[in-house]
Amino acid sequence: MTFQGYLLILLSYTLFLEGVFHMLVNFRFRNCRSFYEEAELSLRSTTDESYRELNTFTVKESVMTKGDNELLKSAIIFGGNASGKSNVLKAFTYMVNVVRLSSAQIPIVSSNESFAFKEGADKEGSLYETEFIQNGRYYKYGFVLINGTVESEWLYKREVRLTCVFKRQNDKLEILGETAQSIKLIKVPKASLFLSIGNNFNLNINKYLNDVMEWFLKVLIVFENASNSLDIYTFENGKYKTQALDILSRADIGIEDIDVIKDKIAVPADPDSLMTLNAKLQSNPSIIAGQLQADNEGLYSIDMKTVFPIFNEQDDIVGKKDVMLFKENGFNSEGTVRLLCYLGWILAALNEGRVILIDEIDSKLHFLVADYILKLFNSIEFNPQNAQLVCTAHNVMLMDDGFRRDQIYFTSKDSFGRSSLVSLADYTGVRKTDLFSKKYLAGFYAAIPDMERGRG
């Protein structure tokens with residue numbers, strides 16, 4: 001190992017000692033989208049010794065009990081079309097959005113999607129619960145939603161032992177360190193989480209509530225190109241741009257340079273400005289060819305200039321060609337566009353030790369590019385802060401290259417429309433030397449579509 005490698009290990013160990021953590025341990029959900037029964041995605045490691053040094057890390061025993069304090073750096077979900085793999089990420093995304101938005105005047109709780117294919121499922125509770133680590137503390141937080149209201153909600157913490165921070169059943173609250181008399185003064189709307197409004201009160205538990213809110217705010221979620229701003233490449237003095245260019249060079253995509261172009265197209269506080277924009281859009285919709293971003297100063301259209309070298313007959317570089325990523329749609333491949341839209345967030349997650357969820361990480365990408373991204377997380381050198389990636393994928397070859405059994409999940413759907421989520425580690429008779437993809441395609445691990453059924 002290089003001297004730099006040893007320094008990175010030392011940095012990782014130092015972070016371990018200081019207890020600087022932002023980590024996902026577990027996510028459970030029930031009666032949500034295509035999942036009716038309870039499903040669980042766990043980033044707790046099993047006793048599997050495969051790739052242990054690269055793919056797992058250990059948390060202090062004061063945060064998680066010994067024997068239960070080793071976590072995975074990544075998990076990847078495979079499954080057929082419409083089997084429910086994206087719904088795992090959408091369930092988690094919904095939980096994050098409820099936490100972030102339930103205190104605002106937005107009907108986020110009433111938008112809960114219960115299981116659609118069972119009579120009466122909409123009158124049953126939908127469960128969302130996650131376990132995580134923030135600022136050196138273990139937390140377990142969850143809630144149950146039913147008929148557009150919060151039926152129950154709870155938060156536990158562990159510093160030395162597991163302690164209930166608060167519990168809520170409909171409009172009844174129990175709060176650590178608070179008297180029944182003081183709790184009576186707290187009124188929580190039925191369609192809001194106590195977590196989201198609790199820090200408005202002077203409570204003994206506010207530091208825990210702030211911890212939990214901070215964790216949910218730091219989670220990165222990548223679903224579509226338009227939902228994530230290219231502006232990330234301008235952060236940290238362009239550090240993520242430099243790192244992204246290095247990866248683009250390794251992928252041999254041909255892009256020599258990138259620059260984020262940000263144009264103000266309206267001022268939200270100015271009705272005339274918005275009316276002018278609307279009139280322009282009627283005649284020329286291409287005004288908004290990229291991503292949108294709004295702040296107090298204005299509404300912006302964000303695009304990216306990609307720069308390619310031009311060669312002469314002797315293959316010498318004699319010039320450059322500038323191509324806008326969105327405005328000149330079609331020049332860059334769909335895979336390149338997708339990669340540029342989420343690569344900055346991947347680099348930010350690695351740099352800051354954050355949790356990131358990516359749907360269809362291999363969509364439109366060459367196998368080696370997707371495999372390289374996954375290896376960035378399952379690494380000591382490139383992931384010294386133990387960032388965690390949870391993603392879905394179609395290319396089954398990915399499961400054979402550097403993954404442990406407990407990092408691989410499968411979704412399948414039965415004839416009643418119910419999805420299930422199962423870890424490869426839960427199957428018996430699976431050897432770590434097995435070619436996982438071969439057995440998966442043969443139907444050993446999960447129900448996959450039989451495209452030959454019914455043929456003579």
# chains A, B, ... in the order shown; residues from 1 in each chain; ligands from 1
>>> residues_around(residues="Lys140 of chain A", least_positions_apart="2", cutoff="7 Å", atoms="only C-alpha atoms", output="VMD selection string")
chain A and resid 130 to 132 142 155 to 157
>>> select_by_dssp(residues="segment 268-400 of chain A", states="helix (DSSP H, G or I)", output="PyMOL selection string")
chain A and resi 271-283+285-287+334-352+367-377+396-400
>>> write_last_selection(atoms="N, CA and C atoms", output="short mmCIF file (atom, residue, chain, number, x, y, z; two decimals), in the first residue's frame")
data_model
loop_
_atom_site.label_atom_id
_atom_site.label_comp_id
_atom_site.auth_asym_id
_atom_site.auth_seq_id
_atom_site.Cartn_x
_atom_site.Cartn_y
_atom_site.Cartn_z
N PRO A 271 -43.97 40.09 -10.24
CA PRO A 271 -45.01 39.50 -11.12
C PRO A 271 -44.79 39.82 -12.60
N ASP A 272 -44.31 41.05 -12.89
CA ASP A 272 -44.08 41.42 -14.28
C ASP A 272 -42.99 40.56 -14.90
N SER A 273 -41.98 40.25 -14.11
CA SER A 273 -40.89 39.41 -14.60
C SER A 273 -41.39 38.01 -14.92
N LEU A 274 -42.24 37.48 -14.08
CA LEU A 274 -42.79 36.14 -14.31
C LEU A 274 -43.73 36.13 -15.52
N MET A 275 -44.51 37.21 -15.69
CA MET A 275 -45.41 37.29 -16.85
C MET A 275 -44.61 37.39 -18.15
N THR A 276 -43.51 38.14 -18.10
CA THR A 276 -42.64 38.26 -19.27
C THR A 276 -42.04 36.91 -19.63
N LEU A 277 -41.59 36.17 -18.60
CA LEU A 277 -41.04 34.83 -18.84
C LEU A 277 -42.09 33.92 -19.45
N ASN A 278 -43.32 33.97 -18.93
CA ASN A 278 -44.38 33.13 -19.44
C ASN A 278 -44.67 33.43 -20.92
N ALA A 279 -44.65 34.71 -21.26
CA ALA A 279 -44.89 35.10 -22.65
C ALA A 279 -43.78 34.58 -23.56
N LYS A 280 -42.55 34.66 -23.09
CA LYS A 280 -41.42 34.16 -23.88
C LYS A 280 -41.49 32.65 -24.07
N LEU A 281 -41.95 31.96 -23.02
CA LEU A 281 -42.04 30.51 -23.11
C LEU A 281 -43.09 30.07 -24.13
N GLN A 282 -44.14 30.88 -24.29
CA GLN A 282 -45.18 30.55 -25.25
C GLN A 282 -44.63 30.49 -26.67
N SER A 283 -43.70 31.39 -26.96
CA SER A 283 -43.14 31.45 -28.31
C SER A 283 -41.84 30.66 -28.46
N PRO A 285 -40.15 27.74 -26.06
CA PRO A 285 -40.00 26.90 -24.86
C PRO A 285 -38.55 26.53 -24.55
N SER A 286 -37.66 26.66 -25.54
CA SER A 286 -36.26 26.27 -25.32
C SER A 286 -35.52 27.25 -24.42
N ILE A 287 -36.20 28.32 -23.99
CA ILE A 287 -35.57 29.24 -23.03
C ILE A 287 -35.13 28.47 -21.80
N GLU A 334 -27.14 10.01 -23.97
CA GLU A 334 -28.00 10.05 -22.79
C GLU A 334 -27.23 9.58 -21.55
N GLY A 335 -26.32 8.64 -21.74
CA GLY A 335 -25.51 8.16 -20.62
C GLY A 335 -24.59 9.25 -20.09
N THR A 336 -24.01 10.04 -20.99
CA THR A 336 -23.13 11.14 -20.58
C THR A 336 -23.91 12.19 -19.81
N VAL A 337 -25.10 12.53 -20.32
CA VAL A 337 -25.95 13.52 -19.64
C VAL A 337 -26.29 13.03 -18.23
N ARG A 338 -26.70 11.78 -18.14
CA ARG A 338 -27.08 11.23 -16.83
C ARG A 338 -25.89 11.21 -15.88
N LEU A 339 -24.73 10.79 -16.39
CA LEU A 339 -23.53 10.73 -15.55
C LEU A 339 -23.16 12.10 -15.02
N LEU A 340 -23.18 13.12 -15.89
CA LEU A 340 -22.83 14.46 -15.44
C LEU A 340 -23.83 15.01 -14.43
N CYS A 341 -25.09 14.58 -14.54
CA CYS A 341 -26.12 15.09 -13.63
C CYS A 341 -26.00 14.52 -12.22
N TYR A 342 -25.41 13.32 -12.07
CA TYR A 342 -25.32 12.83 -10.70
C TYR A 342 -23.90 12.60 -10.20
N LEU A 343 -22.90 12.74 -11.08
CA LEU A 343 -21.53 12.50 -10.65
C LEU A 343 -21.08 13.50 -9.59
N GLY A 344 -21.48 14.76 -9.73
CA GLY A 344 -21.10 15.76 -8.73
C GLY A 344 -21.62 15.43 -7.35
N TRP A 345 -22.87 14.91 -7.28
CA TRP A 345 -23.44 14.54 -5.99
C TRP A 345 -22.73 13.31 -5.40
N ILE A 346 -22.31 12.40 -6.26
CA ILE A 346 -21.54 11.24 -5.79
C ILE A 346 -20.24 11.70 -5.15
N LEU A 347 -19.55 12.63 -5.81
CA LEU A 347 -18.28 13.14 -5.28
C LEU A 347 -18.49 13.91 -3.98
N ALA A 348 -19.60 14.65 -3.90
CA ALA A 348 -19.91 15.38 -2.66
C ALA A 348 -20.18 14.41 -1.51
N ALA A 349 -20.91 13.33 -1.81
CA ALA A 349 -21.19 12.31 -0.78
C ALA A 349 -19.90 11.70 -0.27
N LEU A 350 -18.99 11.36 -1.17
CA LEU A 350 -17.71 10.76 -0.78
C LEU A 350 -16.88 11.75 0.03
N ASN A 351 -16.90 13.01 -0.36
CA ASN A 351 -16.11 14.02 0.31
C ASN A 351 -16.63 14.32 1.71
N GLU A 352 -17.96 14.30 1.87
CA GLU A 352 -18.57 14.72 3.14
C GLU A 352 -19.05 13.55 3.99
N PHE A 367 -20.91 -0.79 -18.52
CA PHE A 367 -20.71 -1.59 -17.30
C PHE A 367 -19.50 -1.10 -16.51
N LEU A 368 -18.39 -0.82 -17.19
CA LEU A 368 -17.15 -0.44 -16.49
C LEU A 368 -17.28 0.90 -15.78
N VAL A 369 -18.09 1.81 -16.34
CA VAL A 369 -18.30 3.11 -15.68
C VAL A 369 -19.13 2.93 -14.41
N ALA A 370 -20.23 2.17 -14.51
CA ALA A 370 -21.06 1.90 -13.32
C ALA A 370 -20.26 1.15 -12.27
N ASP A 371 -19.47 0.18 -12.70
CA ASP A 371 -18.65 -0.61 -11.79
C ASP A 371 -17.63 0.27 -11.08
N TYR A 372 -17.05 1.23 -11.81
CA TYR A 372 -16.06 2.14 -11.23
C TYR A 372 -16.70 3.00 -10.13
N ILE A 373 -17.91 3.50 -10.40
CA ILE A 373 -18.60 4.32 -9.40
C ILE A 373 -18.86 3.52 -8.13
N LEU A 374 -19.32 2.29 -8.29
CA LEU A 374 -19.57 1.44 -7.12
C LEU A 374 -18.29 1.20 -6.33
N LYS A 375 -17.19 1.02 -7.05
CA LYS A 375 -15.91 0.77 -6.38
C LYS A 375 -15.39 2.00 -5.62
N LEU A 376 -15.83 3.19 -6.02
CA LEU A 376 -15.44 4.39 -5.27
C LEU A 376 -15.94 4.30 -3.83
N PHE A 377 -17.13 3.73 -3.65
CA PHE A 377 -17.69 3.60 -2.30
C PHE A 377 -17.08 2.41 -1.56
N VAL A 396 -26.78 -7.38 -14.10
CA VAL A 396 -26.48 -8.36 -13.06
C VAL A 396 -24.99 -8.66 -12.95
N MET A 397 -24.20 -8.29 -13.96
CA MET A 397 -22.76 -8.49 -13.89
C MET A 397 -22.16 -7.71 -12.72
N LEU A 398 -22.81 -6.62 -12.31
CA LEU A 398 -22.29 -5.79 -11.22
C LEU A 398 -22.20 -6.56 -9.91
N MET A 399 -23.10 -7.52 -9.70
CA MET A 399 -23.11 -8.23 -8.42
C MET A 399 -21.94 -9.20 -8.27
N ASP A 400 -21.23 -9.49 -9.36
CA ASP A 400 -20.12 -10.44 -9.31
C ASP A 400 -18.78 -9.79 -9.05
#
>>> closest_residue(among="A:Asp414, A:Asp252, A:Ile108, A:Gly79", to="Tyr440 of chain A", atoms="only C-alpha atoms")
A:Gly79
>>> residues_around(residues="segment 427-431 of chain A", least_positions_apart="2", cutoff="12 Å", atoms="only C-alpha atoms", output="JSON, numbers by chain")
{"A": [48, 49, 50, 404, 405, 406, 408, 409, 410, 422, 423, 424, 425, 433, 434, 435, 436, 439, 440, 444, 445, 446]}
>>> atom_distance(atom1="atom CA of Thr47 of chain A", atom2="atom CA of Asn383 of chain A")
22.0 Å
>>> residues_around(residues="Met23 of chain A", least_positions_apart="3", cutoff="9 Å", atoms="only C-alpha atoms", output="PDB file with C-alpha atoms, in the first residue's frame")
ATOM      1  CA  LEU A  71     -21.864  -1.385   8.732  1.00  0.00           C
ATOM      2  CA  GLU A 131     -32.091   3.687  12.168  1.00  0.00           C
ATOM      3  CA  PHE A 132     -29.086   5.935  11.664  1.00  0.00           C
ATOM      4  CA  ILE A 133     -26.097   7.616  13.254  1.00  0.00           C
ATOM      5  CA  GLN A 134     -25.671  11.361  13.478  1.00  0.00           C
ATOM      6  CA  TRP A 215     -29.549  13.758   9.199  1.00  0.00           C
ATOM      7  CA  GLY A 353     -19.340  11.145   4.269  1.00  0.00           C
ATOM      8  CA  ARG A 354     -23.027  11.349   3.364  1.00  0.00           C
ATOM      9  CA  VAL A 355     -25.726   8.821   2.486  1.00  0.00           C
ATOM     10  CA  ASN A 386     -17.398   5.999   4.983  1.00  0.00           C
ATOM     11  CA  ALA A 387     -20.039   7.513   2.732  1.00  0.00           C
ATOM     12  CA  GLN A 388     -22.827   5.058   1.954  1.00  0.00           C
TER      13      GLN A 388
END
>>> closest_atom_pairs(of="segment 136-172 of chain A", to="segment 109-114 of chain A", cutoff="10 Å", atoms="only C-alpha atoms", output="CSV")
residue,atom,partner,partner_atom,distance
A:Leu145,CA,A:Val109,CA,7.3
A:Ile146,CA,A:Asn112,CA,8.4
A:Asn147,CA,A:Ser110,CA,7.0
A:Gly148,CA,A:Ser110,CA,3.9
A:Thr149,CA,A:Val109,CA,6.5
A:Val150,CA,A:Val109,CA,7.6
>>> closest_residue(among="A:Asn329, A:Asn31, A:Ser249, A:Thr56", to="Pro384 of chain A", atoms="only C-alpha atoms")
A:Thr56
>>> closest_residue(among="A:Val260, A:Val222, A:Thr392, A:Glu124", to="Phe235 of chain A", atoms="only C-alpha atoms")
A:Val260
>>> residues_around(residues="Asp211 of chain A", least_positions_apart="2", cutoff="12 Å", atoms="only C-alpha atoms", output="JSON, numbers by chain")
{"A": [21, 22, 132, 133, 134, 135, 136, 137, 138, 139, 140, 141, 155, 157, 195, 196, 199, 205, 206, 207, 208, 209, 213, 214, 215, 216, 217, 218]}
>>> write_last_selection(atoms="N, CA and C atoms", output="mmCIF file, in the first residue's frame")
data_model
loop_
_atom_site.group_PDB
_atom_site.id
_atom_site.type_symbol
_atom_site.label_atom_id
_atom_site.label_comp_id
_atom_site.auth_asym_id
_atom_site.auth_seq_id
_atom_site.Cartn_x
_atom_site.Cartn_y
_atom_site.Cartn_z
ATOM 1 N N PHE A 21 -20.108 11.120 12.451
ATOM 2 C CA PHE A 21 -20.843 10.144 11.658
ATOM 3 C C PHE A 21 -22.104 10.743 11.050
ATOM 4 N N HIS A 22 -22.406 10.305 9.835
ATOM 5 C CA HIS A 22 -23.697 10.543 9.205
ATOM 6 C C HIS A 22 -23.977 9.269 8.425
ATOM 7 N N PHE A 132 -30.221 5.216 12.247
ATOM 8 C CA PHE A 132 -29.086 5.935 11.664
ATOM 9 C C PHE A 132 -28.190 6.489 12.758
ATOM 10 N N ILE A 133 -27.061 7.017 12.332
ATOM 11 C CA ILE A 133 -26.097 7.616 13.254
ATOM 12 C C ILE A 133 -25.836 9.040 12.804
ATOM 13 N N GLN A 134 -25.937 9.964 13.758
ATOM 14 C CA GLN A 134 -25.671 11.361 13.478
ATOM 15 C C GLN A 134 -24.939 11.973 14.659
ATOM 16 N N ASN A 135 -23.806 12.615 14.363
ATOM 17 C CA ASN A 135 -23.020 13.281 15.406
ATOM 18 C C ASN A 135 -22.686 12.355 16.574
ATOM 19 N N GLY A 136 -22.318 11.117 16.251
ATOM 20 C CA GLY A 136 -21.874 10.190 17.282
ATOM 21 C C GLY A 136 -22.976 9.577 18.110
ATOM 22 N N ARG A 137 -24.236 9.720 17.678
ATOM 23 C CA ARG A 137 -25.355 9.115 18.404
ATOM 24 C C ARG A 137 -26.151 8.210 17.476
ATOM 25 N N TYR A 138 -26.607 7.092 18.026
ATOM 26 C CA TYR A 138 -27.495 6.181 17.306
ATOM 27 C C TYR A 138 -28.938 6.611 17.550
ATOM 28 N N TYR A 139 -29.735 6.661 16.476
ATOM 29 C CA TYR A 139 -31.145 7.019 16.583
ATOM 30 C C TYR A 139 -32.009 5.982 15.860
ATOM 31 N N LYS A 140 -33.204 5.779 16.387
ATOM 32 C CA LYS A 140 -34.236 5.015 15.694
ATOM 33 C C LYS A 140 -35.482 5.881 15.671
ATOM 34 N N TYR A 141 -35.886 6.267 14.451
ATOM 35 C CA TYR A 141 -37.017 7.186 14.317
ATOM 36 C C TYR A 141 -38.014 6.612 13.315
ATOM 37 N N LEU A 155 -39.143 8.315 18.658
ATOM 38 C CA LEU A 155 -37.707 8.539 18.496
ATOM 39 C C LEU A 155 -36.975 7.944 19.695
ATOM 40 N N LYS A 157 -32.882 7.087 21.169
ATOM 41 C CA LYS A 157 -31.460 7.381 21.008
ATOM 42 C C LYS A 157 -30.652 6.394 21.833
ATOM 43 N N LEU A 195 -41.559 15.746 15.185
ATOM 44 C CA LEU A 195 -40.142 15.976 14.907
ATOM 45 C C LEU A 195 -39.928 17.281 14.155
ATOM 46 N N SER A 196 -40.823 17.578 13.215
ATOM 47 C CA SER A 196 -40.642 18.742 12.344
ATOM 48 C C SER A 196 -40.930 20.068 13.035
ATOM 49 N N ASN A 199 -38.647 21.521 17.624
ATOM 50 C CA ASN A 199 -37.608 22.478 18.012
ATOM 51 C C ASN A 199 -38.114 23.912 18.081
ATOM 52 N N ILE A 205 -35.071 18.042 24.828
ATOM 53 C CA ILE A 205 -34.669 17.099 23.785
ATOM 54 C C ILE A 205 -34.322 17.779 22.462
ATOM 55 N N ASN A 206 -34.263 19.108 22.450
ATOM 56 C CA ASN A 206 -34.074 19.818 21.184
ATOM 57 C C ASN A 206 -32.798 19.413 20.445
ATOM 58 N N LYS A 207 -31.723 19.139 21.175
ATOM 59 C CA LYS A 207 -30.476 18.773 20.494
ATOM 60 C C LYS A 207 -30.633 17.452 19.738
ATOM 61 N N TYR A 208 -31.479 16.554 20.266
ATOM 62 C CA TYR A 208 -31.727 15.294 19.568
ATOM 63 C C TYR A 208 -32.610 15.514 18.344
ATOM 64 N N LEU A 209 -33.626 16.364 18.498
ATOM 65 C CA LEU A 209 -34.490 16.673 17.355
ATOM 66 C C LEU A 209 -33.691 17.334 16.241
ATOM 67 N N MET A 213 -33.207 15.969 12.393
ATOM 68 C CA MET A 213 -33.547 16.810 11.249
ATOM 69 C C MET A 213 -32.326 17.008 10.350
ATOM 70 N N GLU A 214 -31.175 17.232 10.964
ATOM 71 C CA GLU A 214 -29.942 17.425 10.187
ATOM 72 C C GLU A 214 -29.624 16.182 9.355
ATOM 73 N N TRP A 215 -29.835 14.994 9.934
ATOM 74 C CA TRP A 215 -29.549 13.758 9.199
ATOM 75 C C TRP A 215 -30.428 13.662 7.952
ATOM 76 N N PHE A 216 -31.720 13.914 8.119
ATOM 77 C CA PHE A 216 -32.631 13.831 6.978
ATOM 78 C C PHE A 216 -32.328 14.904 5.926
ATOM 79 N N LEU A 217 -31.879 16.065 6.353
ATOM 80 C CA LEU A 217 -31.548 17.120 5.405
ATOM 81 C C LEU A 217 -30.284 16.804 4.616
ATOM 82 N N LYS A 218 -29.408 15.994 5.176
ATOM 83 C CA LYS A 218 -28.134 15.691 4.515
ATOM 84 C C LYS A 218 -28.216 14.527 3.540
#
>>> residues_around(residues="Arg168 of chain A", least_positions_apart="4", cutoff="8 Å", atoms="only C-alpha atoms", output="list of chain:residue names")
A:Ser152, A:Glu153, A:Trp154, A:Lys172, A:Leu173, A:Glu174
>>> write_last_selection(atoms="N, CA and C atoms", output="mmCIF file, in the first residue's frame")
data_model
loop_
_atom_site.group_PDB
_atom_site.id
_atom_site.type_symbol
_atom_site.label_atom_id
_atom_site.label_comp_id
_atom_site.auth_asym_id
_atom_site.auth_seq_id
_atom_site.Cartn_x
_atom_site.Cartn_y
_atom_site.Cartn_z
ATOM 1 N N SER A 152 -49.018 7.478 14.767
ATOM 2 C CA SER A 152 -48.023 7.321 15.826
ATOM 3 C C SER A 152 -46.660 7.770 15.322
ATOM 4 N N GLU A 153 -45.791 8.099 16.265
ATOM 5 C CA GLU A 153 -44.465 8.611 15.937
ATOM 6 C C GLU A 153 -43.559 8.355 17.129
ATOM 7 N N TRP A 154 -42.270 8.053 16.887
ATOM 8 C CA TRP A 154 -41.373 7.724 17.999
ATOM 9 C C TRP A 154 -39.928 8.036 17.634
ATOM 10 N N LYS A 172 -51.525 12.338 21.705
ATOM 11 C CA LYS A 172 -50.918 12.159 23.027
ATOM 12 C C LYS A 172 -49.408 12.033 22.905
ATOM 13 N N LEU A 173 -48.688 12.834 23.713
ATOM 14 C CA LEU A 173 -47.234 12.881 23.647
ATOM 15 C C LEU A 173 -46.596 12.488 24.967
ATOM 16 N N GLU A 174 -45.467 11.791 24.895
ATOM 17 C CA GLU A 174 -44.583 11.579 26.034
ATOM 18 C C GLU A 174 -43.208 12.054 25.610
#
>>> residues_around(residues="Leu357 of chain A", least_positions_apart="3", cutoff="7 Å", atoms="only C-alpha atoms", output="tab-separated table (two decimals) with C-alpha atoms, in the first residue's frame")
chain	number	residue	atom	x	y	z
A	220	LEU	CA	-28.81	12.88	-1.05
A	221	ILE	CA	-31.38	11.33	-3.41
A	222	VAL	CA	-30.91	11.03	-7.18
A	389	LEU	CA	-24.52	4.31	-1.34
A	390	VAL	CA	-27.88	2.57	-1.80
A	391	CYS	CA	-28.81	2.04	-5.43
>>> closest_residue(among="A:Lys432, A:Lys73, A:Lys85, A:Lys264", to="Ala393 of chain A", atoms="only C-alpha atoms")
A:Lys85
